[in-house]
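Asker: I'm passing along query04.tsv; it holds TSV, C-alpha atoms and all ligand atoms.
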chain	number	residue	atom	x	y	z
B	1	MET	CA	-193.04	116.55	25.32
B	2	PRO	CA	-194.40	113.84	27.62
B	3	ASN	CA	-195.18	115.03	31.11
B	4	ASN	CA	-194.11	111.88	32.93
B	5	LYS	CA	-190.43	112.69	32.39
B	6	LYS	CA	-188.49	114.42	35.14
B	7	THR	CA	-187.49	117.97	34.33
B	8	ILE	CA	-184.01	119.45	34.35
B	9	PHE	CA	-183.46	123.18	34.25
B	10	SER	CA	-180.30	125.24	34.22
B	11	GLY	CA	-178.89	128.52	32.98
B	12	VAL	CA	-175.86	130.74	32.55
B	13	THR	CA	-175.77	134.52	32.94
B	14	PRO	CA	-174.79	136.40	29.75
B	15	SER	CA	-172.65	138.85	31.72
B	16	GLY	CA	-169.28	138.01	30.18
B	17	ASN	CA	-167.44	135.43	28.13
B	18	LEU	CA	-168.47	131.80	28.57
B	19	HIS	CA	-165.40	129.85	29.64
B	20	ILE	CA	-164.19	126.31	29.99
B	21	GLY	CA	-165.32	126.25	33.65
B	22	ASN	CA	-168.91	126.91	32.52
B	23	TYR	CA	-168.56	124.16	29.96
B	24	PHE	CA	-167.08	121.41	32.11
B	25	GLY	CA	-168.87	122.47	35.28
B	26	ALA	CA	-172.31	122.81	33.74
B	27	ILE	CA	-173.05	122.79	30.02
B	28	LYS	CA	-171.31	119.49	29.23
B	29	GLN	CA	-173.70	117.77	31.66
B	30	TRP	CA	-176.68	119.50	30.09
B	31	VAL	CA	-175.75	118.11	26.68
B	32	GLU	CA	-175.20	114.61	28.07
B	33	MET	CA	-178.49	114.64	29.97
B	34	GLN	CA	-180.30	115.97	26.92
B	35	ASN	CA	-178.87	113.22	24.76
B	36	ALA	CA	-179.74	110.53	27.27
B	37	GLY	CA	-183.38	111.35	26.44
B	38	GLU	CA	-184.65	110.67	29.93
B	39	TYR	CA	-185.65	114.17	30.92
B	40	GLN	CA	-187.66	117.13	29.84
B	41	ASN	CA	-184.73	119.53	29.28
B	42	ILE	CA	-185.01	123.27	29.75
B	43	PHE	CA	-182.01	125.58	29.33
B	44	CYS	CA	-182.09	129.30	29.75
B	45	VAL	CA	-179.91	132.33	29.07
B	46	VAL	CA	-180.58	134.16	32.33
B	47	ASP	CA	-180.33	137.77	31.18
B	48	GLU	CA	-182.46	139.11	34.03
B	49	HIS	CA	-179.79	137.80	36.38
B	50	ALA	CA	-177.09	139.51	34.31
B	51	ILE	CA	-178.51	142.97	35.04
B	52	THR	CA	-177.93	142.60	38.78
B	53	THR	CA	-174.52	144.01	37.89
B	54	LEU	CA	-174.26	147.00	35.54
B	55	GLN	CA	-174.48	146.05	31.85
B	56	GLU	CA	-174.11	148.28	28.83
B	57	PRO	CA	-177.32	147.67	26.77
B	58	ALA	CA	-175.74	147.09	23.34
B	59	LYS	CA	-173.17	144.78	24.84
B	60	LEU	CA	-175.78	142.89	26.83
B	61	ARG	CA	-177.86	142.34	23.68
B	62	SER	CA	-174.90	140.88	21.82
B	63	LYS	CA	-173.86	138.72	24.80
B	64	ILE	CA	-177.37	137.26	25.07
B	65	LEU	CA	-177.19	136.22	21.42
B	66	GLU	CA	-173.63	134.97	21.83
B	67	VAL	CA	-174.48	132.75	24.80
B	68	PHE	CA	-177.63	131.44	23.12
B	69	THR	CA	-175.67	130.63	19.94
B	70	LEU	CA	-172.95	128.98	22.00
B	71	TYR	CA	-175.54	126.75	23.66
B	72	LEU	CA	-176.45	125.48	20.20
B	73	ALA	CA	-172.80	125.20	19.11
B	74	LEU	CA	-172.02	123.14	22.21
B	75	GLY	CA	-174.70	120.63	21.34
B	76	LEU	CA	-177.98	121.77	22.87
B	77	ASP	CA	-180.63	120.79	20.36
B	78	PRO	CA	-183.92	122.69	20.00
B	79	GLU	CA	-185.59	119.45	18.89
B	80	LYS	CA	-184.71	117.81	22.19
B	81	SER	CA	-184.65	120.72	24.65
B	82	ILE	CA	-186.45	123.95	25.33
B	83	ILE	CA	-183.77	126.60	24.92
B	84	PHE	CA	-184.78	130.18	25.61
B	85	VAL	CA	-183.94	133.62	26.97
B	86	GLN	CA	-185.32	134.40	30.44
B	87	SER	CA	-186.55	137.95	29.71
B	88	SER	CA	-188.77	136.67	26.90
B	89	VAL	CA	-190.90	134.80	29.47
B	90	SER	CA	-192.34	137.43	31.83
B	91	GLU	CA	-193.55	134.78	34.31
B	92	HIS	CA	-189.98	134.60	35.72
B	93	SER	CA	-190.17	138.09	37.16
B	94	GLU	CA	-193.79	137.58	38.20
B	95	LEU	CA	-193.00	134.50	40.27
B	96	ASN	CA	-189.87	136.23	41.56
B	97	TRP	CA	-192.05	138.87	43.19
B	98	ILE	CA	-194.34	136.35	44.79
B	99	LEU	CA	-191.48	134.25	46.14
B	100	SER	CA	-189.72	137.35	47.47
B	101	THR	CA	-192.66	137.85	49.82
B	102	ILE	CA	-191.87	134.58	51.60
B	103	THR	CA	-188.05	134.80	51.55
B	104	PRO	CA	-186.27	136.13	54.66
B	105	VAL	CA	-183.73	138.88	53.92
B	106	GLY	CA	-181.34	137.22	56.37
B	107	GLU	CA	-181.18	134.12	54.15
B	108	LEU	CA	-180.32	136.26	51.13
B	109	GLU	CA	-177.61	138.19	52.99
B	110	ARG	CA	-175.98	134.89	53.89
B	111	MET	CA	-175.35	133.86	50.25
B	112	THR	CA	-171.66	133.68	49.37
B	113	GLN	CA	-172.21	134.98	45.84
B	114	PHE	CA	-174.09	137.99	47.26
B	115	LYS	CA	-171.33	138.68	49.76
B	116	ASP	CA	-168.69	138.57	47.00
B	117	LYS	CA	-170.58	140.64	44.46
B	118	SER	CA	-171.98	143.21	46.86
B	119	GLN	CA	-168.45	144.17	47.83
B	120	LYS	CA	-168.05	145.52	44.31
B	121	GLN	CA	-171.17	147.73	44.46
B	122	LYS	CA	-170.88	151.18	46.06
B	123	SER	CA	-174.46	151.07	47.19
B	124	ILE	CA	-175.87	147.56	47.31
B	125	LEU	CA	-178.80	147.16	44.97
B	126	ALA	CA	-181.96	145.28	45.92
B	127	GLY	CA	-181.80	143.20	42.72
B	128	LEU	CA	-178.45	141.74	43.68
B	129	LEU	CA	-179.80	140.69	47.05
B	130	ASN	CA	-182.88	139.23	45.37
B	131	TYR	CA	-180.84	137.33	42.75
B	132	PRO	CA	-181.39	133.87	44.35
B	133	VAL	CA	-185.16	134.45	44.56
B	134	LEU	CA	-185.25	135.00	40.80
B	135	GLN	CA	-183.18	131.83	40.45
B	136	ALA	CA	-185.72	129.97	42.57
B	137	ALA	CA	-188.48	131.32	40.31
B	138	ASP	CA	-186.59	130.04	37.22
B	139	ILE	CA	-186.33	126.58	38.69
B	140	LEU	CA	-189.79	126.28	40.24
B	141	LEU	CA	-191.75	127.66	37.27
B	142	TYR	CA	-190.99	124.46	35.37
B	143	HIS	CA	-191.56	122.04	38.29
B	144	THR	CA	-187.88	121.20	37.99
B	145	ASN	CA	-186.55	118.03	39.62
B	146	THR	CA	-182.84	118.32	38.82
B	147	VAL	CA	-180.54	121.31	38.36
B	148	PRO	CA	-177.16	120.55	36.75
B	149	VAL	CA	-174.72	123.24	37.96
B	150	GLY	CA	-171.21	123.80	39.28
B	151	GLU	CA	-170.51	123.53	42.98
B	152	ASP	CA	-170.74	127.29	43.60
B	153	GLN	CA	-174.51	127.09	43.00
B	154	LEU	CA	-175.28	124.58	45.76
B	155	GLN	CA	-176.24	127.27	48.21
B	156	HIS	CA	-178.72	128.78	45.76
B	157	ILE	CA	-180.35	125.41	45.08
B	158	GLU	CA	-180.60	124.77	48.81
B	159	LEU	CA	-182.37	128.12	49.22
B	160	THR	CA	-184.68	127.26	46.31
B	161	ARG	CA	-185.69	124.10	48.17
B	162	ALA	CA	-186.39	126.09	51.32
B	163	ILE	CA	-188.53	128.58	49.40
B	164	ALA	CA	-190.44	125.76	47.64
B	165	LYS	CA	-191.09	124.04	50.95
B	166	LYS	CA	-192.34	127.24	52.50
B	167	PHE	CA	-194.65	127.94	49.59
B	168	ASN	CA	-196.01	124.37	49.58
B	169	ASN	CA	-196.64	124.51	53.32
B	170	ALA	CA	-198.36	127.87	53.18
B	171	PHE	CA	-200.47	127.45	50.04
B	172	GLY	CA	-200.62	123.76	49.17
B	173	GLN	CA	-198.32	121.31	47.40
B	174	ILE	CA	-197.31	122.64	44.02
B	175	PHE	CA	-193.53	122.60	43.66
B	176	PRO	CA	-191.30	119.51	43.70
B	177	LEU	CA	-188.08	120.03	45.70
B	178	PRO	CA	-185.26	120.30	43.16
B	179	GLU	CA	-181.97	118.42	43.56
B	180	PRO	CA	-178.62	119.76	42.38
B	181	PHE	CA	-176.58	117.62	39.98
B	182	ILE	CA	-172.85	118.24	40.13
B	183	ASN	CA	-170.14	116.79	37.91
B	184	LYS	CA	-167.66	115.76	40.59
B	185	GLU	CA	-164.70	115.79	38.23
B	186	ALA	CA	-165.19	119.42	37.25
B	187	LYS	CA	-167.18	120.93	40.06
B	188	ARG	CA	-164.79	123.88	40.30
B	189	ILE	CA	-162.19	124.90	37.72
B	190	MET	CA	-159.86	127.47	39.24
B	191	GLY	CA	-158.60	130.75	37.77
B	192	LEU	CA	-155.39	130.63	35.71
B	193	ASP	CA	-154.12	133.79	37.38
B	194	ASP	CA	-155.02	132.67	40.90
B	195	PRO	CA	-155.72	129.02	41.68
B	196	ALA	CA	-157.28	130.01	45.01
B	197	LYS	CA	-160.28	131.52	43.22
B	198	LYS	CA	-162.68	129.90	40.77
B	199	MET	CA	-162.43	130.64	37.08
B	200	SER	CA	-164.98	133.40	36.58
B	201	LYS	CA	-166.33	135.37	33.66
B	202	SER	CA	-166.62	138.43	35.84
B	203	ALA	CA	-162.90	138.28	36.72
B	204	GLU	CA	-161.24	141.64	36.16
B	205	ASN	CA	-158.20	139.99	34.60
B	206	SER	CA	-159.18	138.15	31.42
B	207	ASN	CA	-156.10	135.94	31.89
B	208	ASN	CA	-158.18	134.31	34.64
B	209	TYR	CA	-160.16	132.23	32.15
B	210	ILE	CA	-160.06	130.54	28.77
B	211	ALA	CA	-163.16	131.70	26.93
B	212	LEU	CA	-164.82	129.19	24.64
B	213	LEU	CA	-164.33	131.66	21.78
B	214	ASP	CA	-160.70	132.59	22.51
B	215	SER	CA	-158.43	132.40	19.44
B	216	PRO	CA	-155.49	129.94	19.35
B	217	GLU	CA	-153.03	132.84	19.87
B	218	ILE	CA	-154.87	134.06	22.95
B	219	ILE	CA	-155.14	130.55	24.36
B	220	ARG	CA	-151.37	130.03	23.94
B	221	GLU	CA	-150.69	133.36	25.61
B	222	LYS	CA	-153.06	132.76	28.51
B	223	ILE	CA	-151.72	129.28	29.24
B	224	LYS	CA	-148.16	130.57	28.98
B	225	SER	CA	-148.87	133.27	31.55
B	226	ALA	CA	-150.86	130.97	33.89
B	227	VAL	CA	-149.33	130.97	37.35
B	228	THR	CA	-147.50	127.83	38.47
B	229	ASP	CA	-146.39	126.52	41.86
B	230	SER	CA	-142.96	126.52	43.39
B	231	GLY	CA	-140.88	123.42	42.71
B	232	SER	CA	-140.87	121.70	39.35
B	233	GLU	CA	-142.64	118.42	39.87
B	234	ILE	CA	-145.71	117.79	37.72
B	235	LYS	CA	-148.04	116.10	40.10
B	236	TYR	CA	-151.66	116.45	41.20
B	237	ASP	CA	-151.82	117.79	44.74
B	238	ALA	CA	-154.64	120.31	45.03
B	239	GLU	CA	-153.52	121.51	48.44
B	240	ASN	CA	-149.82	122.06	47.90
B	241	LYS	CA	-149.70	122.47	44.13
B	242	PRO	CA	-153.04	124.12	43.33
B	243	ALA	CA	-151.93	125.76	40.07
B	244	ILE	CA	-150.39	122.67	38.45
B	245	SER	CA	-153.26	120.53	39.74
B	246	ASN	CA	-155.72	122.85	38.02
B	247	LEU	CA	-153.76	122.70	34.75
B	248	LEU	CA	-153.63	118.91	34.98
B	249	LEU	CA	-157.38	118.81	35.60
B	250	ILE	CA	-158.07	120.98	32.55
B	251	TYR	CA	-155.68	118.85	30.48
B	252	SER	CA	-157.44	115.69	31.62
B	253	LEU	CA	-160.90	117.08	30.86
B	254	PHE	CA	-159.92	118.06	27.32
B	255	SER	CA	-157.82	115.00	26.50
B	256	LYS	CA	-160.03	112.51	28.39
B	257	LYS	CA	-156.81	111.00	29.76
B	258	PRO	CA	-156.82	110.27	33.50
B	259	ILE	CA	-154.65	112.62	35.55
B	260	SER	CA	-152.47	109.69	36.68
B	261	GLU	CA	-151.59	108.98	33.06
B	262	LEU	CA	-150.64	112.63	32.49
B	263	GLU	CA	-148.46	112.58	35.60
B	264	LYS	CA	-146.55	109.63	34.13
B	265	GLU	CA	-146.34	111.22	30.69
B	266	TYR	CA	-144.90	114.45	32.12
B	267	ALA	CA	-142.73	113.00	34.88
B	268	GLY	CA	-139.36	114.79	34.86
B	269	LYS	CA	-140.51	117.37	32.28
B	270	ASN	CA	-140.69	121.13	32.75
B	271	TYR	CA	-143.83	123.11	33.44
B	272	SER	CA	-143.28	124.82	30.08
B	273	VAL	CA	-143.61	121.50	28.22
B	274	LEU	CA	-146.89	120.76	30.00
B	275	LYS	CA	-148.16	124.26	29.24
B	276	HIS	CA	-147.21	124.06	25.59
B	277	ASP	CA	-149.08	120.77	25.10
B	278	LEU	CA	-152.04	121.87	27.20
B	279	ALA	CA	-152.58	124.94	25.02
B	280	GLU	CA	-152.63	122.75	21.90
B	281	VAL	CA	-155.08	120.28	23.47
B	282	ILE	CA	-157.43	123.15	24.39
B	283	ILE	CA	-157.17	124.72	20.94
B	284	GLU	CA	-157.98	121.39	19.32
B	285	GLY	CA	-160.87	120.76	21.70
B	286	LEU	CA	-162.48	124.16	21.16
B	287	SER	CA	-161.96	124.29	17.41
B	288	PRO	CA	-165.14	122.35	16.37
B	289	VAL	CA	-167.26	124.43	18.77
B	290	GLN	CA	-165.85	127.66	17.37
B	291	LYS	CA	-166.45	126.48	13.81
B	292	LYS	CA	-170.04	125.57	14.62
B	293	TYR	CA	-170.48	128.93	16.37
B	294	GLN	CA	-169.30	130.77	13.23
B	295	GLU	CA	-171.68	128.76	11.04
B	296	LEU	CA	-174.64	129.44	13.29
B	297	SER	CA	-173.79	133.14	13.62
B	298	ALA	CA	-173.84	133.44	9.84
B	299	ASN	CA	-177.53	132.48	9.95
B	300	PRO	CA	-179.31	135.04	12.17
B	301	ASP	CA	-182.72	134.09	10.77
B	302	TYR	CA	-182.30	130.57	12.07
B	303	ILE	CA	-181.20	131.85	15.49
B	304	LYS	CA	-184.22	134.15	15.63
B	305	LYS	CA	-186.54	131.27	14.78
B	306	VAL	CA	-185.07	129.08	17.51
B	307	LEU	CA	-185.26	131.97	20.01
B	308	ARG	CA	-188.97	132.45	19.26
B	309	GLN	CA	-189.76	128.74	19.38
B	310	GLY	CA	-187.95	128.29	22.67
B	311	ALA	CA	-189.69	131.28	24.25
B	312	ALA	CA	-193.12	130.02	23.14
B	313	LYS	CA	-192.52	126.54	24.55
B	314	ALA	CA	-191.19	127.86	27.85
B	315	LYS	CA	-194.05	130.36	28.13
B	316	ALA	CA	-196.63	127.62	27.66
B	317	ILE	CA	-195.34	125.80	30.75
B	318	ALA	CA	-194.59	128.89	32.82
B	319	SER	CA	-198.01	130.45	32.28
B	320	GLN	CA	-199.73	127.26	33.41
B	321	THR	CA	-197.69	127.26	36.61
B	322	MET	CA	-198.56	130.91	37.22
B	323	THR	CA	-202.28	130.25	36.81
B	324	GLU	CA	-201.96	127.62	39.53
B	325	VAL	CA	-199.83	129.85	41.76
B	326	ARG	CA	-202.18	132.82	41.44
B	327	SER	CA	-205.12	130.69	42.34
B	328	LYS	CA	-203.40	129.16	45.38
B	329	ILE	CA	-202.45	132.60	46.68
B	330	GLY	CA	-205.95	133.96	46.39
B	331	PHE	CA	-205.58	136.41	43.51
B	332	LEU	CA	-208.65	136.97	41.35
B	333	GLU	CA	-208.95	134.91	38.22
B	334	LEU	CA	-210.12	137.29	35.52
B	335	SER	CA	-209.60	136.19	31.97
B	336	VAL	CA	-208.85	139.52	30.36
D	401	LIG	P1	-171.96	131.62	35.90
D	401	LIG	O1	-170.70	131.83	35.12
D	401	LIG	O2	-171.83	132.06	37.32
D	401	LIG	O3	-173.19	132.13	35.19
D	401	LIG	O4	-172.15	130.05	35.99
D	401	LIG	C1	-172.81	129.25	35.03
D	401	LIG	C2	-172.66	127.80	35.38
D	401	LIG	O5	-171.28	127.40	35.29
D	401	LIG	C3	-173.07	127.47	36.82
D	401	LIG	O6	-173.69	126.19	36.84
D	401	LIG	C4	-171.78	127.45	37.57
D	401	LIG	O7	-171.82	126.65	38.71
D	401	LIG	C5	-170.82	126.88	36.53
D	401	LIG	N1	-169.46	127.39	36.75
D	401	LIG	C6	-169.08	128.69	36.72
D	401	LIG	N2	-167.77	128.82	36.97
D	401	LIG	C7	-167.30	127.55	37.16
D	401	LIG	C8	-166.02	127.02	37.46
D	401	LIG	N3	-164.96	127.80	37.61
D	401	LIG	N4	-165.89	125.68	37.62
D	401	LIG	C9	-166.98	124.87	37.46
D	401	LIG	N5	-168.22	125.31	37.18
D	401	LIG	C10	-168.39	126.64	37.02
D	402	LIG	N1	-177.03	131.76	39.39
D	402	LIG	C1	-176.55	130.91	38.35
D	402	LIG	C2	-175.04	131.19	38.16
D	402	LIG	O1	-174.53	132.19	38.55
D	402	LIG	C3	-177.28	131.11	37.05
D	402	LIG	C4	-178.70	130.72	37.16
D	402	LIG	C5	-179.79	131.57	37.19
D	402	LIG	C6	-179.22	129.41	37.26
D	402	LIG	N2	-180.92	130.87	37.25
D	402	LIG	C7	-180.63	129.54	37.32
D	402	LIG	C8	-178.62	128.16	37.33
D	402	LIG	C9	-181.45	128.43	37.47
D	402	LIG	C10	-179.45	127.04	37.47
D	402	LIG	C11	-180.85	127.18	37.53
D	402	LIG	O2	-174.40	130.39	37.59
Take the structure in the file and write it out as structure tokens.
Ligand code: AMP
Ligand code: TRP

Answerer:
Amino acid sequence: MPNNKKTIFSGVTPSGNLHIGNYFGAIKQWVEMQNAGEYQNIFCVVDEHAITTLQEPAKLRSKILEVFTLYLALGLDPEKSIIFVQSSVSEHSELNWILSTITPVGELERMTQFKDKSQKQKSILAGLLNYPVLQAADILLYHTNTVPVGEDQLQHIELTRAIAKKFNNAFGQIFPLPEPFINKEAKRIMGLDDPAKKMSKSAENSNNYIALLDSPEIIREKIKSAVTDSGSEIKYDAENKPAISNLLLIYSLFSKKPISELEKEYAGKNYSVLKHDLAEVIIEGLSPVQKKYQELSANPDYIKKVLRQGAAKAKAIASQTMTEVRSKIGFLELSV
């Protein structure tokens, strides 16, 4: 891959079911950027991040494969992008350690995601606090310029920039400062059970999200039970009608119709009509992805081959960066 291209890097944690918020907020942009052909594209299943909350090993293993296979089903192409699993490239945890030595604990304690997640841990684990340092390592290992993510990740990218700056100042220019790339139309899809909170794969109530692999029956059920607002008017007003606005946004993203057109189409109709049609639009939209996912899953040898290839390509870049980092820090260079 030519080195003069700018690099994009992003990832999703395999800690639950990938949902339509992950797709519209992040992965859709990855596929578009990949297909534009302007970047060196690197996409990762960040399993080392997943273990900052308790994971059952057998389930984790199958989720890693599921998320990786979904990446391919959604259109990431191993011929155009490096697609790999974080734990297969040990340089991520190596750089994580080094960066943790220049990251103030106070900065980490300030992170919203840490504050949310640490509330759920009886005794707060060091890995959860360190989560954004590992994320910075992911990004910086590949000299990343652009990080396509949902809005909730802005704080982590900002911290990554601060860590990169600090490293460059202390040891010499090595890391570019990465920029976030946010899809403004889908920066935050809200939960179906509570439009005040983002749709999240770690939500306790699975009615919170539509998973990319949910069956048509489940999708119909979840949309039917989605909360609505008081009143009956179908109109986009995120402040006063957050639930209906979220449903309209999802409808618009799947149907590619502007929200204003949907408002006209549904003027004077009941919420239940909107919900019925929305469920069908989602089912139709997810059907080709689910079909592709089934096809790919039926070919584990192919998946294994792509996993190995991706890891080798990522490792080649990451190990070069680490050689440079080690030398800048003053570690010995022994070729053993
Ligand atoms: P996570 O599910 O936290 O691993 O997030 C993976 C990617 O999806 C990140 O880039 C997030 O910013 C994005 N994302 C997660 N949830 C949402 C959501 N509800 N709306 C938009 N983007 C999201
Ligand atoms: N923290 C991100 C999330 O929760 C996942 C992630 C880990 C990531 N490493 C990354 C995203 C590097 C972008 C770049 O969604």

Asker: Could you list, as a PyMOL selection string, all protein and nucleic acid residues with an atom at most 7 Å from ligand LIG 402 (chain D), counting all atoms listed in the file?

Answerer: chain B and resi 9-13+46+49+132+134-136+138-139+147-149+153

Asker: Could you write out the selected residues, including C-alpha atoms, as an mmCIF file, in the coordinates of the input?

Answerer:
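New file out.cif:
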data_model
loop_
_atom_site.group_PDB
_atom_site.id
_atom_site.type_symbol
_atom_site.label_atom_id
_atom_site.label_comp_id
_atom_site.auth_asym_id
_atom_site.auth_seq_id
_atom_site.Cartn_x
_atom_site.Cartn_y
_atom_site.Cartn_z
ATOM 1 C CA PHE B 9 -183.460 123.180 34.250
ATOM 2 C CA SER B 10 -180.300 125.240 34.220
ATOM 3 C CA GLY B 11 -178.890 128.520 32.980
ATOM 4 C CA VAL B 12 -175.860 130.740 32.550
ATOM 5 C CA THR B 13 -175.770 134.520 32.940
ATOM 6 C CA VAL B 46 -180.580 134.160 32.330
ATOM 7 C CA HIS B 49 -179.790 137.800 36.380
ATOM 8 C CA PRO B 132 -181.390 133.870 44.350
ATOM 9 C CA LEU B 134 -185.250 135.000 40.800
ATOM 10 C CA GLN B 135 -183.180 131.830 40.450
ATOM 11 C CA ALA B 136 -185.720 129.970 42.570
ATOM 12 C CA ASP B 138 -186.590 130.040 37.220
ATOM 13 C CA ILE B 139 -186.330 126.580 38.690
ATOM 14 C CA VAL B 147 -180.540 121.310 38.360
ATOM 15 C CA PRO B 148 -177.160 120.550 36.750
ATOM 16 C CA VAL B 149 -174.720 123.240 37.960
ATOM 17 C CA GLN B 153 -174.510 127.090 43.000
#

Asker: Counting only C-alpha atoms and all ligand atoms, which residues in chain B sit no more than 10 Å from ligand LIG 401 (chain D)? For each one, give the nearest pair of atoms and the distance in Å, sorted by chain then residue number, as CSV.

Answerer:
residue,atom,partner,partner_atom,distance
B:Ser10,CA,D:LIG401,O6,7.2
B:Gly11,CA,D:LIG401,C1,6.5
B:Val12,CA,D:LIG401,O3,4.0
B:Thr13,CA,D:LIG401,O3,4.2
B:Pro14,CA,D:LIG401,O3,7.1
B:Ser15,CA,D:LIG401,O3,7.6
B:Gly16,CA,D:LIG401,O1,8.0
B:Asn17,CA,D:LIG401,O1,8.5
B:Leu18,CA,D:LIG401,O1,6.9
B:His19,CA,D:LIG401,N2,7.8
B:Ile20,CA,D:LIG401,C8,7.7
B:Gly21,CA,D:LIG401,C8,3.9
B:Asn22,CA,D:LIG401,O5,3.7
B:Tyr23,CA,D:LIG401,O5,6.8
B:Phe24,CA,D:LIG401,C9,6.4
B:Gly25,CA,D:LIG401,N5,3.5
B:Ala26,CA,D:LIG401,O6,4.8
B:Ile27,CA,D:LIG401,O5,7.2
B:Lys28,CA,D:LIG401,O5,10.0
B:Gln29,CA,D:LIG401,O6,9.9
B:Trp30,CA,D:LIG401,O6,10.0
B:Val45,CA,D:LIG401,O3,9.1
B:Val46,CA,D:LIG401,O3,8.2
B:Asp47,CA,D:LIG401,O3,9.9
B:His49,CA,D:LIG401,O3,8.8
B:Ala50,CA,D:LIG401,O3,8.4
B:Gln113,CA,D:LIG401,O2,9.0
B:Val147,CA,D:LIG401,O6,8.5
B:Pro148,CA,D:LIG401,O6,6.6
B:Val149,CA,D:LIG401,O6,3.3
B:Gly150,CA,D:LIG401,O7,3.0
B:Glu151,CA,D:LIG401,O7,5.4
B:Asp152,CA,D:LIG401,O7,5.0
B:Gln153,CA,D:LIG401,O7,5.1
B:Leu154,CA,D:LIG401,O7,8.1
B:Pro180,CA,D:LIG401,O6,9.8
B:Phe181,CA,D:LIG401,O6,9.6
B:Ile182,CA,D:LIG401,O7,8.6
B:Asn183,CA,D:LIG401,C9,8.7
B:Lys184,CA,D:LIG401,C9,9.7
B:Glu185,CA,D:LIG401,C9,9.4
B:Ala186,CA,D:LIG401,C9,5.7
B:Lys187,CA,D:LIG401,C9,4.7
B:Arg188,CA,D:LIG401,N4,3.4
B:Ile189,CA,D:LIG401,N4,3.8
B:Met190,CA,D:LIG401,N3,5.4
B:Gly191,CA,D:LIG401,N3,7.0
B:Lys197,CA,D:LIG401,N3,8.2
B:Lys198,CA,D:LIG401,N3,4.4
B:Met199,CA,D:LIG401,N3,3.8
B:Ser200,CA,D:LIG401,N2,5.4
B:Lys201,CA,D:LIG401,O1,5.8
B:Ser202,CA,D:LIG401,O1,7.8
B:Asn208,CA,D:LIG401,N3,9.9
B:Tyr209,CA,D:LIG401,N3,8.5

Asker: Select, from B:Leu125, B:Ile163, B:Val85, B:Ala267, the residue with the minimum atom-to-atom distance to Cys44 (chain B), counting all atoms listed in the file.

Answerer: B:Val85

Asker: As lines of an AutoDock Vina configuration file, please: the centre and edge lengths in Å, to one decimal, of an axis-aligned box enclosing every listed atom of region 169-175 of chain B with 3 Å added on each side.

Answerer:
center_x = -197.1
center_y = 124.6
center_z = 48.5
size_x = 13.1
size_y = 12.6
size_z = 15.7

Asker: One decimal, Å: what's the distance from CA of Ser100 (chain B) over to CA of Val133 (chain B), could you say?

Answerer: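 Rounded to one decimal, the two atoms are 6.1 Å apart.
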
Asker: Which one is closest to Leu253 (chain B): B:Val31, B:Leu296, B:Ile282, B:Leu70? Count only C-alpha atoms.

Answerer: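 Among B:Val31, B:Leu296, B:Ile282, B:Leu70, it is B:Ile282 that comes nearest to Leu253 (chain B).
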
Asker: With distances taken over all atoms listed in the file, which residue among B:Gln173, B:Thr52, B:Ser93, B:Ser123 lies nearest Ser319 (chain B)?

Answerer: B:Ser93

Asker: Can you measure CA of Gly75 (chain B) to CA of Glu32 (chain B) for me? One decimal in Å is fine.

Answerer: 9.0 Å
